[in-house]
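Visitor: If it helps, the file is called final-v6.pdb and holds PDB, C-alpha atoms:
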ATOM      1  CA  MET A   1       6.612  10.574  26.775
ATOM      2  CA  SER A   2       6.933  12.880  23.783
ATOM      3  CA  ALA A   3       4.345  13.728  21.143
ATOM      4  CA  PRO A   4       4.375  11.678  17.931
ATOM      5  CA  PRO A   5       6.547  13.072  15.137
ATOM      6  CA  GLU A   6       4.886  15.598  12.866
ATOM      7  CA  LEU A   7       3.168  14.290   9.772
ATOM      8  CA  PRO A   8       4.655  15.175   6.389
ATOM      9  CA  ASP A   9       2.715  18.039   4.751
ATOM     10  CA  ILE A  10       1.437  15.824   1.933
ATOM     11  CA  VAL A  11       0.040  13.341   4.478
ATOM     12  CA  SER A  12      -1.661  16.131   6.465
ATOM     13  CA  ARG A  13      -3.290  17.316   3.230
ATOM     14  CA  ALA A  14      -4.480  13.779   2.489
ATOM     15  CA  PHE A  15      -6.034  13.483   5.967
ATOM     16  CA  ASP A  16      -7.826  16.823   5.407
ATOM     17  CA  VAL A  17      -9.199  15.644   2.055
ATOM     18  CA  SER A  18     -10.320  12.331   3.611
ATOM     19  CA  ARG A  19     -12.153  14.124   6.417
ATOM     20  CA  LYS A  20     -13.914  16.451   3.960
ATOM     21  CA  ALA A  21     -14.948  13.461   1.854
ATOM     22  CA  GLY A  22     -16.211  11.622   4.953
ATOM     23  CA  TYR A  23     -13.794   8.774   4.249
ATOM     24  CA  VAL A  24     -12.371   7.175   7.374
ATOM     25  CA  SER A  25     -10.817   3.972   6.028
ATOM     26  CA  PHE A  26      -7.182   4.696   5.358
ATOM     27  CA  CYS A  27      -3.734   3.428   6.167
ATOM     28  CA  ARG A  28      -2.548   3.903   9.736
ATOM     29  CA  ASN A  29       0.323   6.261  10.506
ATOM     30  CA  GLU A  30       2.463   3.317  11.620
ATOM     31  CA  THR A  31       1.969   1.619   8.263
ATOM     32  CA  GLY A  32       2.410   4.946   6.501
ATOM     33  CA  ARG A  33       5.813   5.548   8.064
ATOM     34  CA  LEU A  34       6.830   2.058   6.979
ATOM     35  CA  LEU A  35       5.618   2.822   3.430
ATOM     36  CA  ALA A  36       7.588   6.078   3.339
ATOM     37  CA  THR A  37      10.717   4.274   4.514
ATOM     38  CA  LEU A  38      10.357   1.507   1.932
ATOM     39  CA  ALA A  39       9.504   3.998  -0.847
ATOM     40  CA  ALA A  40      12.743   5.873  -0.079
ATOM     41  CA  THR A  41      14.656   2.754  -1.216
ATOM     42  CA  ARG A  42      12.853   2.497  -4.556
ATOM     43  CA  GLY A  43      13.300   3.993  -7.999
ATOM     44  CA  GLY A  44      11.256   3.377 -11.122
ATOM     45  CA  THR A  45       7.505   2.992 -10.755
ATOM     46  CA  LEU A  46       5.600   2.276  -7.554
ATOM     47  CA  ALA A  47       1.902   1.411  -7.513
ATOM     48  CA  GLU A  48      -1.013   1.202  -5.131
ATOM     49  CA  PHE A  49      -4.251  -0.706  -5.638
ATOM     50  CA  GLY A  50      -7.126   0.993  -3.812
ATOM     51  CA  THR A  51      -6.280   4.652  -3.318
ATOM     52  CA  GLY A  52      -9.221   5.664  -1.154
ATOM     53  CA  CYS A  53      -8.678   9.398  -0.616
ATOM     54  CA  GLY A  54      -4.911   9.134  -1.040
ATOM     55  CA  VAL A  55      -3.499   8.761   2.483
ATOM     56  CA  GLY A  56      -1.390   5.697   1.595
ATOM     57  CA  THR A  57      -0.330   7.396  -1.634
ATOM     58  CA  ALA A  58       0.705  10.472   0.348
ATOM     59  CA  TRP A  59       2.831   8.336   2.648
ATOM     60  CA  LEU A  60       4.499   6.736  -0.383
ATOM     61  CA  ARG A  61       5.043  10.174  -1.902
ATOM     62  CA  SER A  62       6.607  11.486   1.312
ATOM     63  CA  GLY A  63       9.409   8.944   0.943
ATOM     64  CA  VAL A  64       9.822   8.356  -2.782
ATOM     65  CA  PRO A  65      13.004   9.776  -4.346
ATOM     66  CA  ASP A  66      13.035  12.290  -7.182
ATOM     67  CA  GLY A  67      12.569  10.618 -10.544
ATOM     68  CA  ALA A  68      10.418   7.757  -9.257
ATOM     69  CA  ARG A  69       6.724   7.590 -10.162
ATOM     70  CA  ILE A  70       3.642   6.476  -8.256
ATOM     71  CA  LEU A  71       0.553   5.113 -10.032
ATOM     72  CA  THR A  72      -2.549   4.515  -7.958
ATOM     73  CA  ALA A  73      -6.015   3.275  -8.911
ATOM     74  CA  GLU A  74      -9.295   3.796  -7.063
ATOM     75  CA  LEU A  75     -12.551   2.260  -8.296
ATOM     76  CA  ASP A  76     -14.818   4.871  -6.646
ATOM     77  CA  PRO A  77     -14.682   7.990  -8.888
ATOM     78  CA  LYS A  78     -15.582  10.328  -5.991
ATOM     79  CA  LEU A  79     -12.693   9.055  -3.868
ATOM     80  CA  ALA A  80     -10.305   9.064  -6.842
ATOM     81  CA  GLY A  81     -11.277  12.674  -7.549
ATOM     82  CA  ALA A  82     -10.606  13.639  -3.950
ATOM     83  CA  ALA A  83      -7.199  11.913  -4.046
ATOM     84  CA  ALA A  84      -6.344  13.534  -7.383
ATOM     85  CA  GLU A  85      -6.799  16.978  -5.743
ATOM     86  CA  ILE A  86      -3.900  16.238  -3.396
ATOM     87  CA  PHE A  87      -1.515  15.462  -6.240
ATOM     88  CA  GLU A  88      -2.821  17.754  -9.011
ATOM     89  CA  ASP A  89       0.476  19.663  -9.229
ATOM     90  CA  ASP A  90       2.723  16.662  -8.653
ATOM     91  CA  PRO A  91       4.160  15.101 -11.824
ATOM     92  CA  GLN A  92       5.413  12.074  -9.846
ATOM     93  CA  VAL A  93       1.910  10.860  -8.894
ATOM     94  CA  GLU A  94      -0.889   9.723 -11.193
ATOM     95  CA  VAL A  95      -4.303   8.926  -9.687
ATOM     96  CA  LEU A  96      -6.636   6.862 -11.861
ATOM     97  CA  ALA A  97     -10.375   6.516 -11.331
ATOM     98  CA  ALA A  98     -10.337   2.879 -12.360
ATOM     99  CA  ASP A  99     -10.229  -0.719 -11.229
ATOM    100  CA  TRP A 100      -6.831  -1.967 -10.040
ATOM    101  CA  SER A 101      -6.570  -4.136 -13.153
ATOM    102  CA  THR A 102      -5.878  -0.995 -15.223
ATOM    103  CA  LEU A 103      -2.401  -1.032 -13.693
ATOM    104  CA  LEU A 104      -1.651  -4.550 -14.946
ATOM    105  CA  ASP A 105      -0.081  -3.345 -18.196
ATOM    106  CA  ARG A 106       1.919  -0.506 -16.641
ATOM    107  CA  GLY A 107       4.422  -2.494 -14.577
ATOM    108  CA  PRO A 108       6.668  -3.977 -13.533
ATOM    109  CA  TYR A 109       6.685  -2.130 -10.232
ATOM    110  CA  SER A 110       9.522  -1.610  -7.791
ATOM    111  CA  LEU A 111       7.002  -1.428  -4.928
ATOM    112  CA  LEU A 112       3.348  -2.413  -4.909
ATOM    113  CA  PHE A 113       1.087  -1.472  -1.975
ATOM    114  CA  LEU A 114      -2.076  -3.544  -1.513
ATOM    115  CA  ASP A 115      -4.801  -3.558   1.079
ATOM    116  CA  ALA A 116      -5.194  -7.121   2.393
ATOM    117  CA  GLY A 117      -8.945  -6.535   2.240
ATOM    118  CA  GLN A 118      -8.840  -6.349  -1.563
ATOM    119  CA  PRO A 119     -10.687  -8.986  -3.586
ATOM    120  CA  SER A 120      -9.175 -12.454  -3.555
ATOM    121  CA  GLU A 121      -8.042 -12.088  -7.171
ATOM    122  CA  VAL A 122      -5.199  -9.944  -5.797
ATOM    123  CA  GLY A 123      -3.387 -13.055  -4.562
ATOM    124  CA  VAL A 124       0.241 -14.013  -5.091
ATOM    125  CA  ASP A 125      -0.372 -15.538  -8.527
ATOM    126  CA  SER A 126      -2.012 -12.342  -9.803
ATOM    127  CA  ILE A 127       0.701 -10.108  -8.362
ATOM    128  CA  ALA A 128       3.955 -12.028  -8.940
ATOM    129  CA  GLY A 129       4.360 -10.897 -12.556
ATOM    130  CA  LEU A 130       3.698  -7.249 -11.689
ATOM    131  CA  VAL A 131       6.752  -6.821  -9.467
ATOM    132  CA  GLU A 132      10.303  -6.547 -10.757
ATOM    133  CA  PRO A 133      12.995  -8.848  -9.326
ATOM    134  CA  GLY A 134      14.000  -7.396  -5.949
ATOM    135  CA  GLY A 135      10.738  -5.439  -5.887
ATOM    136  CA  LEU A 136       8.550  -5.187  -2.809
ATOM    137  CA  VAL A 137       4.908  -5.986  -2.167
ATOM    138  CA  VAL A 138       3.394  -4.442   0.958
ATOM    139  CA  LEU A 139       0.041  -5.704   2.255
ATOM    140  CA  ASP A 140      -1.575  -4.055   5.261
ATOM    141  CA  ASP A 141      -4.588  -4.558   7.511
ATOM    142  CA  PHE A 142      -3.611  -7.869   9.080
ATOM    143  CA  VAL A 143      -4.296  -8.742  12.706
ATOM    144  CA  PRO A 144      -1.055  -9.974  14.319
ATOM    145  CA  CYS A 145      -0.910 -13.741  14.669
ATOM    146  CA  GLU A 146       1.619 -15.840  16.579
ATOM    147  CA  MET A 147       0.520 -19.308  15.436
ATOM    148  CA  TRP A 148       0.892 -21.485  12.395
ATOM    149  CA  PRO A 149      -1.080 -21.818  10.339
ATOM    150  CA  PRO A 150      -2.159 -18.205  10.833
ATOM    151  CA  ILE A 151      -5.680 -17.945  12.260
ATOM    152  CA  THR A 152      -7.844 -14.833  11.986
ATOM    153  CA  GLY A 153     -11.427 -14.740  13.188
ATOM    154  CA  GLY A 154     -11.372 -18.474  13.924
ATOM    155  CA  ARG A 155     -10.333 -19.398  10.363
ATOM    156  CA  VAL A 156      -7.054 -20.072   8.601
ATOM    157  CA  ASP A 157      -5.877 -16.805   7.043
ATOM    158  CA  THR A 158      -5.199 -18.241   3.597
ATOM    159  CA  LEU A 159      -4.030 -14.933   2.087
ATOM    160  CA  ARG A 160      -1.344 -14.512   4.746
ATOM    161  CA  GLU A 161      -0.397 -18.187   4.507
ATOM    162  CA  GLU A 162      -0.106 -17.917   0.714
ATOM    163  CA  TRP A 163       2.260 -14.922   0.873
ATOM    164  CA  LEU A 164       4.391 -16.361   3.679
ATOM    165  CA  THR A 165       4.956 -19.675   1.866
ATOM    166  CA  ASP A 166       5.229 -18.660  -1.812
ATOM    167  CA  LYS A 167       8.694 -19.532  -3.148
ATOM    168  CA  ARG A 168       8.756 -16.541  -5.543
ATOM    169  CA  PHE A 169       8.915 -14.173  -2.563
ATOM    170  CA  THR A 170      10.690 -13.859   0.748
ATOM    171  CA  THR A 171       8.013 -12.504   3.077
ATOM    172  CA  VAL A 172       7.932 -11.284   6.644
ATOM    173  CA  GLU A 173       5.063 -10.229   8.881
ATOM    174  CA  VAL A 174       5.863  -7.005  10.743
ATOM    175  CA  MET A 175       3.806  -5.733  13.654
ATOM    176  CA  VAL A 176       3.334  -2.006  13.131
ATOM    177  CA  ALA A 177       1.209  -1.645  16.291
ATOM    178  CA  PRO A 178      -0.052  -4.059  18.962
ATOM    179  CA  ASP A 179      -3.217  -4.615  16.913
ATOM    180  CA  ALA A 180      -1.886  -4.284  13.354
ATOM    181  CA  ALA A 181       0.501  -6.183  11.132
ATOM    182  CA  THR A 182       1.821  -5.708   7.616
ATOM    183  CA  LEU A 183       3.359  -8.213   5.233
ATOM    184  CA  ILE A 184       6.456  -7.192   3.300
ATOM    185  CA  ALA A 185       7.401  -9.497   0.432
ATOM    186  CA  THR A 186      10.527  -9.211  -1.716
ATOM    187  CA  LYS A 187      10.452 -10.867  -5.117
ATOM    188  CA  ARG A 188      13.338 -13.293  -5.548
TER     189      ARG A 188
END
Just dump the structure as structure tokens.
Guide:
Amino acid sequence: MSAPPELPDIVSRAFDVSRKAGYVSFCRNETGRLLATLAATRGGTLAEFGTGCGVGTAWLRSGVPDGARILTAELDPKLAGAAAEIFEDDPQVEVLAADWSTLLDRGPYSLLFLDAGQPSEVGVDSIAGLVEPGGLVVLDDFVPCEMWPPITGGRVDTLREEWLTDKRFTTVEVMVAPDAATLIATKR
């Protein structure tokens, strides 16, 4: 068995900043590699709601082509400041110390990355108008589920159910690890 592939430099820097800030809640490498791959197919403007210390943003940046832009918003000013350090010399990334709603007027987005743990107001109805036709929405932090309706923690996972059944999107659940799944939705 070989060692895992090296991390992109920008992602290594983001992990360093997260450790220094004492922040341990960030996107997994498996999800990050998926983000980088999807970002490589996008132009225009990509966005992320909930930057943390910038690990997910760094994964997006590692894949995004020249000319594309990434906007990311983090409510906690300390975390946003830490993330901004990573991208201070990068004109393709803008980190905002603000609520995710500040990005509402800056779309539409070709790719939008959301943490499934975000507030419920970040449901399909709130997001549909923010994504351009053919654009992608990526939601992480799901526990894999093989049943329908999807059950998590003994309850119907209404967020997952909503995304998988909404007619404005074609959505798939992708296992990125045995204990982690991500939803990828393409706007019709």
Visitor: Would you kindly translate the PyMOL selection byres ((chain A and resi 100) around 7) into the concrete residues it picks from this file, as a list of chain:residue names?
Guide: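 What the PyMOL selection byres ((chain A and resi 100) around 7) grabs from the file is A:Phe49, A:Gly50, A:Ala73, A:Glu74, A:Ala98, A:Asp99, A:Ser101, A:Thr102, A:Leu103.
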Visitor: Kindly give the distance, in Å, that separates atom CA of A:Leu164 and atom CA of A:Val143, rounded to a single decimal.
Guide: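 Atom-to-atom, atom CA of A:Leu164 and atom CA of A:Val143 are spaced 14.7 Å apart.
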Visitor: Just the residues within 8 Å of A:Gly44, please, counting all atoms listed in the file, with nothing from its chain fewer than 6 positions along; format it as a list of chain:residue names.
Guide: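 The filter keeps A:Gly67, A:Ala68, A:Arg69, A:Tyr109, A:Ser110.
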Visitor: Just to be explicit: take each residue in the selection above, keep C-alpha atoms, and write the result as a short mmCIF file (atom, residue, chain, number, x, y, z; two decimals), in the frame of the given file.
Guide:
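Final output, out-v6.cif:
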data_model
loop_
_atom_site.label_atom_id
_atom_site.label_comp_id
_atom_site.auth_asym_id
_atom_site.auth_seq_id
_atom_site.Cartn_x
_atom_site.Cartn_y
_atom_site.Cartn_z
CA GLY A 67 12.57 10.62 -10.54
CA ALA A 68 10.42 7.76 -9.26
CA ARG A 69 6.72 7.59 -10.16
CA TYR A 109 6.68 -2.13 -10.23
CA SER A 110 9.52 -1.61 -7.79
#
Visitor: Return the single residue from A:Arg155, A:Arg61, A:Lys167, A:Arg13 that is closest to A:Leu35, with distances computed using all atoms listed in the file.
Guide: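 Looking only at the distances to A:Leu35, the closest residue turns out to be A:Arg61.
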Visitor: Here is a test: counting all atoms listed in the file, which residue of A:Ser126, A:Thr57, A:Thr45, A:Thr158 is nearest to A:Arg33?
Guide: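 Among the listed residues, A:Thr57 lies closest to A:Arg33.
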Visitor: Could you check the closest approach to A:Glu162 for each of A:Asp141, A:Ala82, A:Leu136, A:Gly123 and tell me which residue wins, using only C-alpha atoms?
Guide: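 Using only C-alpha atoms, A:Glu162 sits closest to A:Gly123.
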Visitor: With only C-alpha atoms as the basis for distance, which of A:Asp16, A:Asp9, A:Asp166, A:Asp90 is at the shortest distance from A:Trp59?
Guide: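 Using only C-alpha atoms, A:Trp59 sits closest to A:Asp9.
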Visitor: Regenerate stretch 71-102 of chain A at the level of N, CA and C atoms and dump it as an mmCIF file, in the coordinates of the input.
Guide:
data_model
loop_
_atom_site.group_PDB
_atom_site.id
_atom_site.type_symbol
_atom_site.label_atom_id
_atom_site.label_comp_id
_atom_site.auth_asym_id
_atom_site.auth_seq_id
_atom_site.Cartn_x
_atom_site.Cartn_y
_atom_site.Cartn_z
ATOM 1 N N LEU A 71 1.850 5.277 -9.377
ATOM 2 C CA LEU A 71 0.553 5.113 -10.032
ATOM 3 C C LEU A 71 -0.387 4.513 -9.003
ATOM 4 N N THR A 72 -1.595 5.050 -8.921
ATOM 5 C CA THR A 72 -2.549 4.515 -7.958
ATOM 6 C C THR A 72 -3.938 4.504 -8.577
ATOM 7 N N ALA A 73 -4.689 3.444 -8.318
ATOM 8 C CA ALA A 73 -6.015 3.275 -8.911
ATOM 9 C C ALA A 73 -7.059 3.124 -7.808
ATOM 10 N N GLU A 74 -8.156 3.861 -7.981
ATOM 11 C CA GLU A 74 -9.295 3.796 -7.063
ATOM 12 C C GLU A 74 -10.560 3.616 -7.883
ATOM 13 N N LEU A 75 -11.331 2.580 -7.558
ATOM 14 C CA LEU A 75 -12.551 2.260 -8.296
ATOM 15 C C LEU A 75 -13.641 3.323 -8.118
ATOM 16 N N ASP A 76 -13.779 3.880 -6.924
ATOM 17 C CA ASP A 76 -14.818 4.871 -6.646
ATOM 18 C C ASP A 76 -14.386 6.229 -7.221
ATOM 19 N N PRO A 77 -15.098 6.744 -8.238
ATOM 20 C CA PRO A 77 -14.682 7.990 -8.888
ATOM 21 C C PRO A 77 -14.667 9.194 -7.937
ATOM 22 N N LYS A 78 -15.559 9.215 -6.948
ATOM 23 C CA LYS A 78 -15.582 10.328 -5.991
ATOM 24 C C LYS A 78 -14.298 10.328 -5.151
ATOM 25 N N LEU A 79 -13.909 9.155 -4.663
ATOM 26 C CA LEU A 79 -12.693 9.055 -3.868
ATOM 27 C C LEU A 79 -11.459 9.333 -4.719
ATOM 28 N N ALA A 80 -11.445 8.809 -5.946
ATOM 29 C CA ALA A 80 -10.305 9.064 -6.842
ATOM 30 C C ALA A 80 -10.180 10.555 -7.127
ATOM 31 N N GLY A 81 -11.302 11.232 -7.314
ATOM 32 C CA GLY A 81 -11.277 12.674 -7.549
ATOM 33 C C GLY A 81 -10.723 13.427 -6.357
ATOM 34 N N ALA A 82 -11.122 13.002 -5.165
ATOM 35 C CA ALA A 82 -10.606 13.639 -3.950
ATOM 36 C C ALA A 82 -9.093 13.428 -3.838
ATOM 37 N N ALA A 83 -8.638 12.200 -4.113
ATOM 38 C CA ALA A 83 -7.199 11.913 -4.046
ATOM 39 C C ALA A 83 -6.441 12.694 -5.111
ATOM 40 N N ALA A 84 -7.009 12.811 -6.289
ATOM 41 C CA ALA A 84 -6.344 13.534 -7.383
ATOM 42 C C ALA A 84 -6.091 14.991 -7.008
ATOM 43 N N GLU A 85 -6.991 15.590 -6.198
ATOM 44 C CA GLU A 85 -6.799 16.978 -5.743
ATOM 45 C C GLU A 85 -5.467 17.148 -5.012
ATOM 46 N N ILE A 86 -5.113 16.156 -4.206
ATOM 47 C CA ILE A 86 -3.900 16.238 -3.396
ATOM 48 C C ILE A 86 -2.655 16.322 -4.279
ATOM 49 N N PHE A 87 -2.699 15.615 -5.408
ATOM 50 C CA PHE A 87 -1.515 15.462 -6.240
ATOM 51 C C PHE A 87 -1.627 16.190 -7.585
ATOM 52 N N GLU A 88 -2.577 17.132 -7.711
ATOM 53 C CA GLU A 88 -2.821 17.754 -9.011
ATOM 54 C C GLU A 88 -1.607 18.478 -9.582
ATOM 55 N N ASP A 89 -0.722 18.964 -8.746
ATOM 56 C CA ASP A 89 0.476 19.663 -9.229
ATOM 57 C C ASP A 89 1.734 18.825 -9.067
ATOM 58 N N ASP A 90 1.577 17.534 -8.911
ATOM 59 C CA ASP A 90 2.723 16.662 -8.653
ATOM 60 C C ASP A 90 2.927 15.714 -9.837
ATOM 61 N N PRO A 91 3.951 15.950 -10.647
ATOM 62 C CA PRO A 91 4.160 15.101 -11.824
ATOM 63 C C PRO A 91 4.618 13.676 -11.489
ATOM 64 N N GLN A 92 4.959 13.413 -10.224
ATOM 65 C CA GLN A 92 5.413 12.074 -9.846
ATOM 66 C C GLN A 92 4.270 11.143 -9.465
ATOM 67 N N VAL A 93 3.050 11.684 -9.334
ATOM 68 C CA VAL A 93 1.910 10.860 -8.894
ATOM 69 C C VAL A 93 0.791 10.953 -9.922
ATOM 70 N N GLU A 94 0.263 9.789 -10.300
ATOM 71 C CA GLU A 94 -0.889 9.723 -11.193
ATOM 72 C C GLU A 94 -1.989 8.928 -10.501
ATOM 73 N N VAL A 95 -3.151 9.566 -10.316
ATOM 74 C CA VAL A 95 -4.303 8.926 -9.687
ATOM 75 C C VAL A 95 -5.304 8.583 -10.792
ATOM 76 N N LEU A 96 -5.684 7.319 -10.865
ATOM 77 C CA LEU A 96 -6.636 6.862 -11.861
ATOM 78 C C LEU A 96 -7.952 6.481 -11.204
ATOM 79 N N ALA A 97 -9.045 6.939 -11.770
ATOM 80 C CA ALA A 97 -10.375 6.516 -11.331
ATOM 81 C C ALA A 97 -10.691 5.256 -12.125
ATOM 82 N N ALA A 98 -10.228 4.124 -11.612
ATOM 83 C CA ALA A 98 -10.337 2.879 -12.360
ATOM 84 C C ALA A 98 -10.122 1.695 -11.428
ATOM 85 N N ASP A 99 -10.483 0.532 -11.926
ATOM 86 C CA ASP A 99 -10.229 -0.719 -11.229
ATOM 87 C C ASP A 99 -8.724 -0.960 -11.194
ATOM 88 N N TRP A 100 -8.262 -1.689 -10.175
ATOM 89 C CA TRP A 100 -6.831 -1.967 -10.040
ATOM 90 C C TRP A 100 -6.248 -2.652 -11.266
ATOM 91 N N SER A 101 -7.079 -3.392 -11.999
ATOM 92 C CA SER A 101 -6.570 -4.136 -13.153
ATOM 93 C C SER A 101 -6.053 -3.216 -14.257
ATOM 94 N N THR A 102 -6.407 -1.931 -14.223
ATOM 95 C CA THR A 102 -5.878 -0.995 -15.223
ATOM 96 C C THR A 102 -4.377 -0.809 -15.072
#
